[in-house]
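Pasted below: upload.txt, compact mmCIF, C-alpha atoms and all ligand atoms.
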# COMPACT_ATOMS: atom_id res chain seq x y z
CA MET A 60 -13.99 -26.79 44.11
CA LYS A 61 -10.69 -28.61 44.42
CA VAL A 62 -10.11 -30.91 47.41
CA GLY A 63 -7.10 -32.74 48.72
CA VAL A 64 -7.75 -36.20 50.13
CA PHE A 65 -5.01 -37.49 52.38
CA ASP A 66 -4.49 -40.97 53.73
CA SER A 67 -1.62 -42.97 55.15
CA GLY A 68 -1.85 -45.22 52.10
CA ILE A 69 -4.41 -46.76 49.77
CA GLY A 70 -7.23 -47.13 52.32
CA GLY A 71 -8.47 -43.56 51.84
CA LEU A 72 -9.59 -44.58 48.36
CA THR A 73 -12.76 -45.87 50.08
CA VAL A 74 -13.45 -42.27 51.12
CA ALA A 75 -12.51 -40.92 47.67
CA LYS A 76 -14.97 -43.44 46.22
CA SER A 77 -17.88 -41.99 48.20
CA LEU A 78 -16.88 -38.43 47.22
CA LEU A 79 -16.77 -39.47 43.55
CA GLU A 80 -20.05 -41.38 43.67
CA HIS A 81 -21.80 -38.33 45.05
CA LYS A 82 -20.05 -35.95 42.66
CA LEU A 83 -19.36 -33.48 45.42
CA PHE A 84 -16.24 -31.88 43.99
CA GLU A 85 -14.91 -30.87 40.61
CA GLU A 86 -11.40 -32.02 41.35
CA ILE A 87 -9.79 -34.43 43.82
CA ILE A 88 -6.08 -34.66 44.48
CA TYR A 89 -5.33 -37.85 46.40
CA PHE A 90 -2.11 -38.45 48.28
CA GLY A 91 -1.27 -41.68 50.09
CA ASP A 92 1.84 -41.85 52.22
CA THR A 93 2.59 -45.39 51.05
CA ALA A 94 6.26 -45.15 52.02
CA ARG A 95 5.39 -44.75 55.70
CA VAL A 96 2.10 -46.62 56.11
CA PRO A 97 0.84 -47.87 58.58
CA TYR A 98 0.23 -44.82 60.73
CA GLY A 99 -2.01 -46.77 63.09
CA VAL A 100 0.89 -48.23 65.08
CA LYS A 101 2.81 -44.94 65.40
CA ASP A 102 2.71 -42.43 68.21
CA LYS A 103 0.90 -39.10 68.19
CA ASN A 104 3.96 -36.94 67.47
CA THR A 105 4.96 -39.02 64.48
CA ILE A 106 1.41 -38.98 63.11
CA ILE A 107 1.33 -35.18 63.47
CA ARG A 108 4.73 -34.77 61.81
CA TYR A 109 3.82 -36.98 58.85
CA SER A 110 0.46 -35.23 58.46
CA LEU A 111 2.07 -31.78 58.41
CA GLU A 112 4.51 -32.97 55.77
CA ALA A 113 1.59 -34.19 53.65
CA LEU A 114 -0.08 -30.81 54.15
CA GLU A 115 2.98 -29.10 52.63
CA PHE A 116 2.63 -31.35 49.58
CA PHE A 117 -1.00 -30.31 49.13
CA LYS A 118 -0.06 -26.63 49.33
CA ASN A 119 1.36 -27.01 45.80
CA PHE A 120 -2.12 -27.52 44.38
CA GLU A 121 -4.17 -24.54 45.63
CA ILE A 122 -6.79 -26.78 47.17
CA ASP A 123 -9.93 -25.33 48.75
CA LEU A 124 -10.45 -28.08 51.30
CA PHE A 125 -8.29 -30.77 52.90
CA ILE A 126 -9.98 -34.03 53.81
CA ALA A 127 -8.17 -36.29 56.24
CA ALA A 128 -9.61 -39.60 55.04
CA CYS A 129 -7.42 -41.47 57.49
CA ASN A 130 -9.04 -42.12 60.86
CA THR A 131 -5.65 -42.22 62.57
CA VAL A 132 -4.74 -38.77 61.23
CA SER A 133 -8.24 -37.47 62.05
CA SER A 134 -7.82 -38.73 65.61
CA HIS A 135 -4.47 -37.12 66.28
CA ALA A 136 -3.52 -34.31 63.92
CA LEU A 137 -6.56 -32.20 62.98
CA ASP A 138 -5.75 -29.28 65.29
CA GLU A 139 -2.19 -29.08 64.01
CA LEU A 140 -3.31 -29.35 60.39
CA ARG A 141 -5.87 -26.56 60.89
CA ALA A 142 -3.29 -24.33 62.55
CA ASN A 143 -0.94 -24.66 59.59
CA CYS A 144 -3.06 -23.81 56.56
CA ASP A 145 -5.58 -21.26 55.38
CA PHE A 146 -8.05 -23.69 53.81
CA GLY A 147 -10.66 -25.81 55.56
CA VAL A 148 -9.63 -29.13 57.10
CA VAL A 149 -12.13 -31.89 57.83
CA GLY A 150 -11.57 -35.29 59.31
CA VAL A 151 -13.75 -38.37 59.46
CA ILE A 152 -14.37 -38.78 63.19
CA GLU A 153 -17.08 -36.16 63.78
CA PRO A 154 -18.94 -37.09 60.55
CA GLY A 155 -18.84 -40.75 61.59
CA VAL A 156 -20.33 -40.01 65.00
CA LEU A 157 -23.05 -37.79 63.49
CA ALA A 158 -23.90 -40.50 60.95
CA LEU A 159 -24.24 -43.01 63.76
CA GLU A 160 -26.54 -40.65 65.66
CA LYS A 161 -28.82 -40.46 62.63
CA LYS A 162 -29.06 -44.25 62.45
CA ILE A 163 -29.19 -45.10 66.14
CA LYS A 164 -31.35 -42.87 68.30
CA ASP A 165 -31.33 -45.01 71.45
CA LYS A 166 -28.56 -43.71 73.70
CA ASN A 167 -28.53 -47.03 75.57
CA ALA A 168 -27.70 -48.95 72.39
CA ASN A 169 -24.51 -51.01 72.35
CA ILE A 170 -21.99 -49.25 70.15
CA LEU A 171 -18.72 -50.78 69.00
CA VAL A 172 -15.86 -48.64 67.73
CA ILE A 173 -13.10 -50.37 65.80
CA GLY A 174 -9.96 -48.83 64.39
CA THR A 175 -6.19 -48.90 64.48
CA LYS A 176 -4.28 -49.00 67.75
CA ALA A 177 -3.60 -45.26 67.58
CA THR A 178 -7.22 -44.38 66.78
CA ILE A 179 -8.56 -46.44 69.66
CA ALA A 180 -5.86 -45.17 72.05
CA GLY A 181 -6.74 -41.58 71.05
CA GLY A 182 -10.32 -42.20 72.21
CA LEU A 183 -11.84 -39.44 70.09
CA TYR A 184 -14.77 -41.47 68.75
CA GLU A 185 -15.58 -42.57 72.23
CA SER A 186 -15.43 -39.08 73.69
CA TYR A 187 -17.68 -37.61 70.94
CA LEU A 188 -20.14 -40.47 71.42
CA ARG A 189 -20.21 -39.88 75.18
CA GLN A 190 -20.79 -36.15 74.61
CA LEU A 191 -23.87 -37.10 72.58
CA GLY A 192 -25.09 -39.26 75.45
CA TYR A 193 -24.22 -42.78 74.31
CA LYS A 194 -23.48 -44.86 77.37
CA ASN A 195 -22.58 -48.33 76.19
CA ILE A 196 -19.48 -48.08 74.08
CA THR A 197 -16.85 -50.72 73.48
CA SER A 198 -13.67 -49.82 71.60
CA ILE A 199 -11.41 -52.46 70.09
CA ALA A 200 -8.20 -52.00 68.11
CA THR A 201 -8.49 -54.36 65.15
CA GLY A 202 -5.34 -53.50 63.26
CA LEU A 203 -4.92 -56.93 61.67
CA PHE A 204 -7.85 -56.22 59.37
CA VAL A 205 -5.64 -53.67 57.56
CA PRO A 206 -3.06 -56.05 56.02
CA VAL A 207 -5.72 -58.69 55.46
CA VAL A 208 -7.85 -56.29 53.40
CA GLU A 209 -4.76 -55.08 51.54
CA GLU A 210 -4.06 -58.72 50.71
CA GLY A 211 -7.40 -58.74 48.89
CA ILE A 212 -9.12 -60.96 51.47
CA ARG A 213 -12.77 -59.96 51.84
CA LYS A 214 -14.29 -63.13 53.31
CA GLY A 215 -13.43 -66.67 54.35
CA GLU A 216 -11.68 -68.44 57.15
CA ILE A 217 -8.85 -65.96 57.83
CA LEU A 218 -11.36 -63.19 58.35
CA ASP A 219 -13.66 -65.46 60.36
CA ALA A 220 -10.76 -66.32 62.67
CA LEU A 221 -10.04 -62.62 63.17
CA PHE A 222 -13.71 -61.89 63.92
CA GLU A 223 -13.63 -64.63 66.53
CA HIS A 224 -10.36 -63.28 67.94
CA TYR A 225 -11.52 -59.68 68.22
CA PHE A 226 -15.29 -59.96 68.77
CA GLY A 227 -15.91 -63.53 69.98
CA LYS A 228 -16.12 -62.73 73.70
CA LEU A 229 -18.04 -59.50 73.14
CA LYS A 230 -20.62 -61.28 71.02
CA GLN A 231 -21.34 -63.69 73.85
CA THR A 232 -22.13 -60.88 76.28
CA LYS A 233 -23.74 -58.13 74.16
CA LYS A 234 -25.87 -57.62 71.10
CA ILE A 235 -24.04 -54.88 69.19
CA ASP A 236 -26.46 -52.38 67.59
CA GLY A 237 -24.02 -50.17 65.73
CA VAL A 238 -20.39 -50.45 64.71
CA ILE A 239 -18.23 -47.50 63.68
CA LEU A 240 -15.79 -48.67 61.02
CA GLY A 241 -13.06 -46.35 62.29
CA CYS A 242 -10.46 -47.19 59.68
CA THR A 243 -10.33 -46.58 55.95
CA HIS A 244 -9.97 -50.26 55.10
CA PHE A 245 -12.94 -51.59 57.02
CA PRO A 246 -15.73 -50.54 54.59
CA LEU A 247 -14.37 -53.21 52.25
CA ILE A 248 -15.39 -55.87 54.77
CA ALA A 249 -18.39 -54.00 56.20
CA ASP A 250 -20.95 -56.63 55.20
CA GLU A 251 -18.94 -59.42 56.76
CA ILE A 252 -18.47 -57.45 60.00
CA SER A 253 -22.20 -56.69 60.19
CA LYS A 254 -23.06 -60.29 59.49
CA TYR A 255 -20.75 -61.57 62.21
CA LEU A 256 -22.24 -59.05 64.64
CA ASN A 257 -25.79 -60.24 63.88
CA GLY A 258 -26.76 -57.34 61.66
CA ALA A 259 -25.20 -54.40 63.55
CA ALA A 260 -25.55 -51.13 61.58
CA ALA A 261 -22.14 -50.24 60.15
CA ILE A 262 -20.93 -46.66 59.81
CA HIS A 263 -18.62 -46.05 56.87
CA SER A 264 -16.34 -42.95 57.01
CA GLY A 265 -16.79 -42.19 53.31
CA GLU A 266 -20.57 -42.20 53.43
CA ALA A 267 -20.47 -40.25 56.69
CA ILE A 268 -18.26 -37.51 55.30
CA VAL A 269 -20.46 -37.19 52.21
CA GLU A 270 -23.50 -36.66 54.45
CA TYR A 271 -21.51 -34.16 56.49
CA LEU A 272 -20.32 -32.17 53.48
CA GLU A 273 -23.42 -32.50 51.33
CA ASP A 274 -25.27 -29.51 52.74
CA ALA A 275 -22.34 -27.17 52.18
CA HIS A 276 -21.28 -28.64 48.82
CA LYS A 277 -24.31 -29.78 46.86
CA ALA A 278 -23.63 -32.24 44.07
CA ASP A 279 -22.75 -30.17 41.03
CA ASP A 280 -24.17 -30.89 37.58
CA SER A 281 -21.99 -28.42 35.75
CA PHE A 282 -19.19 -30.98 35.22
CA THR A 283 -19.48 -34.50 33.90
CA LYS A 284 -16.79 -36.26 35.90
CA THR A 285 -14.63 -35.31 38.86
CA LYS A 286 -11.06 -34.78 37.72
CA THR A 287 -8.72 -36.97 39.78
CA SER A 288 -4.97 -37.17 40.31
CA PHE A 289 -3.28 -39.76 42.47
CA PHE A 290 0.04 -39.36 44.24
CA ALA A 291 1.97 -41.60 46.61
CA SER A 292 5.23 -41.26 48.52
CA GLU A 293 6.30 -44.68 47.24
CA ASN A 294 5.25 -46.80 44.27
CA PRO A 295 2.67 -44.37 42.82
CA ASN A 296 1.88 -46.85 40.06
CA GLY A 297 0.84 -49.39 42.68
CA LEU A 298 -1.56 -46.88 44.21
CA LYS A 299 -2.92 -45.95 40.77
CA LYS A 300 -3.56 -49.59 40.03
CA VAL A 301 -5.53 -50.02 43.26
CA ALA A 302 -7.43 -46.82 42.43
CA LYS A 303 -8.41 -48.30 39.06
CA ASP A 304 -9.51 -51.57 40.69
CA TRP A 305 -11.53 -49.95 43.45
CA LEU A 306 -12.88 -46.89 41.66
CA GLY A 307 -13.38 -48.29 38.16
CA ASP A 308 -15.43 -46.01 35.93
CA LEU A 309 -15.58 -43.27 38.54
CA ILE A 310 -12.12 -42.18 37.40
CA SER A 311 -10.76 -41.49 33.95
CA ASN A 312 -7.80 -43.43 32.66
CA GLU A 313 -4.69 -41.45 33.42
N1 LIG A 401 -5.69 -45.27 56.99
C1 LIG A 401 -5.55 -45.77 58.34
C2 LIG A 401 -6.76 -45.38 59.17
O1 LIG A 401 -7.84 -45.09 58.66
C3 LIG A 401 -5.32 -47.27 58.36
C4 LIG A 401 -3.96 -47.71 57.91
C5 LIG A 401 -2.83 -47.22 58.80
O2 LIG A 401 -2.64 -47.75 59.90
O3 LIG A 401 -2.14 -46.30 58.38
O4 LIG A 401 -6.67 -45.32 60.36
Taking this structure as input, can you express it in the form of structure tokens?
Amino acid sequence: MKVGVFDSGIGGLTVAKSLLEHKLFEEIIYFGDTARVPYGVKDKNTIIRYSLEALEFFKNFEIDLFIAACNTVSSHALDELRANCDFGVVGVIEPGVLALEKKIKDKNANILVIGTKATIAGGLYESYLRQLGYKNITSIATGLFVPVVEEGIRKGEILDALFEHYFGKLKQTKKIDGVILGCTHFPLIADEISKYLNGAAAIHSGEAIVEYLEDAHKADDSFTKTKTSFFASENPNGLKKVAKDWLGDLISNE
């Protein structure tokens, strides 16, 4: 099975990593819209337009499934993507919520959702969580984590200052039980976020989508390594370099 993994930039490589680790698919075509990232500060219509343009790119590859690794795209453009292709389209929001439900049974637990401005404004995580009966949900747009992670910062005082800025007040009033990392970049600082929030269980989109897809697409032993190709709308070599750094031996040298 050949899948297309789409993200606004490099962040979706965290989702590709989970797919590769679990050997779910024979081939992955990755496209990051590096020329137009970030999507998280754009409005819904722009996010839809960019996503549909990316979809056209993927139509050149005869993919069987389109994975919107980007939380911002998953929040705003899934219906339009589905209406414009004849292959399956999955996003990361529903899998993330289902993964949280497996970890946190208590519907009175304090849940924190973090993501880009557009993801939080879209409110999709929150509305799925409420449908499942969760009552205590706090959503915070934490967009500054995106450039910080891209800068290679994974711990230390800059991150600590941002934790204080975004979560300081909340931490004084509530013990957070679970945090949905509603942005592709956040898994890279998951441990630090959990630590700051006194051990809150963190939900990672990549792991969540693997769990979601695993039943339908069992890991396949008939191939040794997933074939990967990486494309970007700007500086593809830059994206390939990050892919090598983050994915290491999971990908072959291109
Ligand atoms: N990939 C985006 C997301 O998961 C984060 C970066 C952006 O704002 O485009 O929401």
Which is closest to ligand LIG 401 (chain A) among A:Tyr187, A:Ser198, A:Pro246, A:Phe222, if we use all atoms listed in the file? A:Pro246
Just the residues within 12 Å of A:Lys164, please, counting all atoms listed in the file, with nothing from its chain fewer than 6 positions along; format it as an MDAnalysis selection string. chainID A and resid 156:158 170 188 191:193 236:237
Find the smallest box with edges along x, y and z containing every listed atom of stretch 303-307 of chain A, then add 6 Å on each side and report centre and edge lengths in Å to one decimal, as lines of an AutoDock Vina configuration file.
center_x = -10.9
center_y = -49.2
center_z = 40.8
size_x = 17.0
size_y = 16.7
size_z = 17.3
Within 6 Å of ligand LIG 401 (chain A), which residues show up when you count only C-alpha atoms and all ligand atoms? List them as a ChimeraX atom specification, please. /A:66-67,70,96-99,129-131,175,242-243
Taking all atoms listed in the file into account, which of A:Val74, A:Val62, A:Val100, A:Leu203 comes nearest A:Glu86?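 Of all the options, A:Val62 lies closest to A:Glu86.
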Protein and nucleic acid residues near (-13.0, -25.9, 44.7) (cut-off 8 Å, only C-alpha atoms) as a PyMOL selection string: chain A and resi 60-62+84-86+122-124
What are the closest atom pairs, with distances in Å to one decimal, for all residues of stretch 144-207 of chain A lying within 12 Å of stretch 269-274 of chain A? Consider only C-alpha atoms, order rows by chain and residue number, and present the result as a Markdown table.
| residue | atom | partner | partner_atom | distance |
| --- | --- | --- | --- | --- |
| A:Gly147 | CA | A:Leu272 | CA | 11.8 |
| A:Val148 | CA | A:Leu272 | CA | 11.7 |
| A:Val149 | CA | A:Leu272 | CA | 9.3 |
| A:Gly150 | CA | A:Tyr271 | CA | 10.4 |
| A:Val151 | CA | A:Tyr271 | CA | 9.3 |
| A:Ile152 | CA | A:Tyr271 | CA | 10.8 |
| A:Glu153 | CA | A:Tyr271 | CA | 8.8 |
| A:Pro154 | CA | A:Tyr271 | CA | 5.6 |
| A:Gly155 | CA | A:Tyr271 | CA | 8.8 |
| A:Val156 | CA | A:Tyr271 | CA | 10.4 |
| A:Leu157 | CA | A:Tyr271 | CA | 8.0 |
| A:Ala158 | CA | A:Glu270 | CA | 7.6 |
| A:Leu159 | CA | A:Glu270 | CA | 11.3 |
| A:Lys161 | CA | A:Glu270 | CA | 10.5 |
Using all atoms listed in the file, which residues sit within 9 Å of A:Glu251 once same-chain residues fewer than 5 positions away are excluded, as a count of residues only? 5
Per residue of stretch 128-229 of chain A within 10 Å of stretch 110-119 of chain A, which atom pair is closest and at what distance in Å (one decimal), using all atoms listed in the file, listed by chain and increasing number, as a Markdown table?
| residue | atom | partner | partner_atom | distance |
| --- | --- | --- | --- | --- |
| A:Val132 | CA | A:Ser110 | CA | 6.9 |
| A:Ser133 | CA | A:Ser110 | CA | 9.7 |
| A:His135 | CA | A:Ser110 | CA | 9.4 |
| A:Ala136 | CA | A:Ser110 | CA | 6.8 |
| A:Leu137 | CA | A:Ser110 | CA | 8.9 |
| A:Glu139 | CA | A:Leu111 | CA | 7.5 |
| A:Leu140 | CA | A:Leu111 | CA | 6.2 |
| A:Arg141 | CA | A:Leu111 | CA | 9.8 |
| A:Asn143 | CA | A:Leu111 | CA | 7.8 |
| A:Cys144 | CA | A:Leu114 | CA | 8.0 |
| A:Asp145 | CA | A:Lys118 | CA | 9.8 |
| A:Phe146 | CA | A:Lys118 | CA | 9.6 |
Pairwise distance for atom CA of A:Ala177 and atom CA of A:Ile235, rounded to one decimal in Å: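 Interatomic distance, atom CA of A:Ala177 to atom CA of A:Ile235: 22.6 Å.
Taking atom CA of A:Glu121 and atom CA of A:Thr178 as endpoints, the distance between them is 29.2 Å.
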Using all atoms listed in the file, determine which residues lie at most 9 Å from A:Glu185, disregarding the query and same-chain residues fewer than 5 positions distant; provide the list as an MDAnalysis selection string. chainID A and resid 172 179 190 193 196:198
Between atom CA of A:Tyr89 and atom CA of A:Ser288 - distance in Å to one decimal: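 Separation between atom CA of A:Ser288 and atom CA of A:Tyr89: 6.1 Å.
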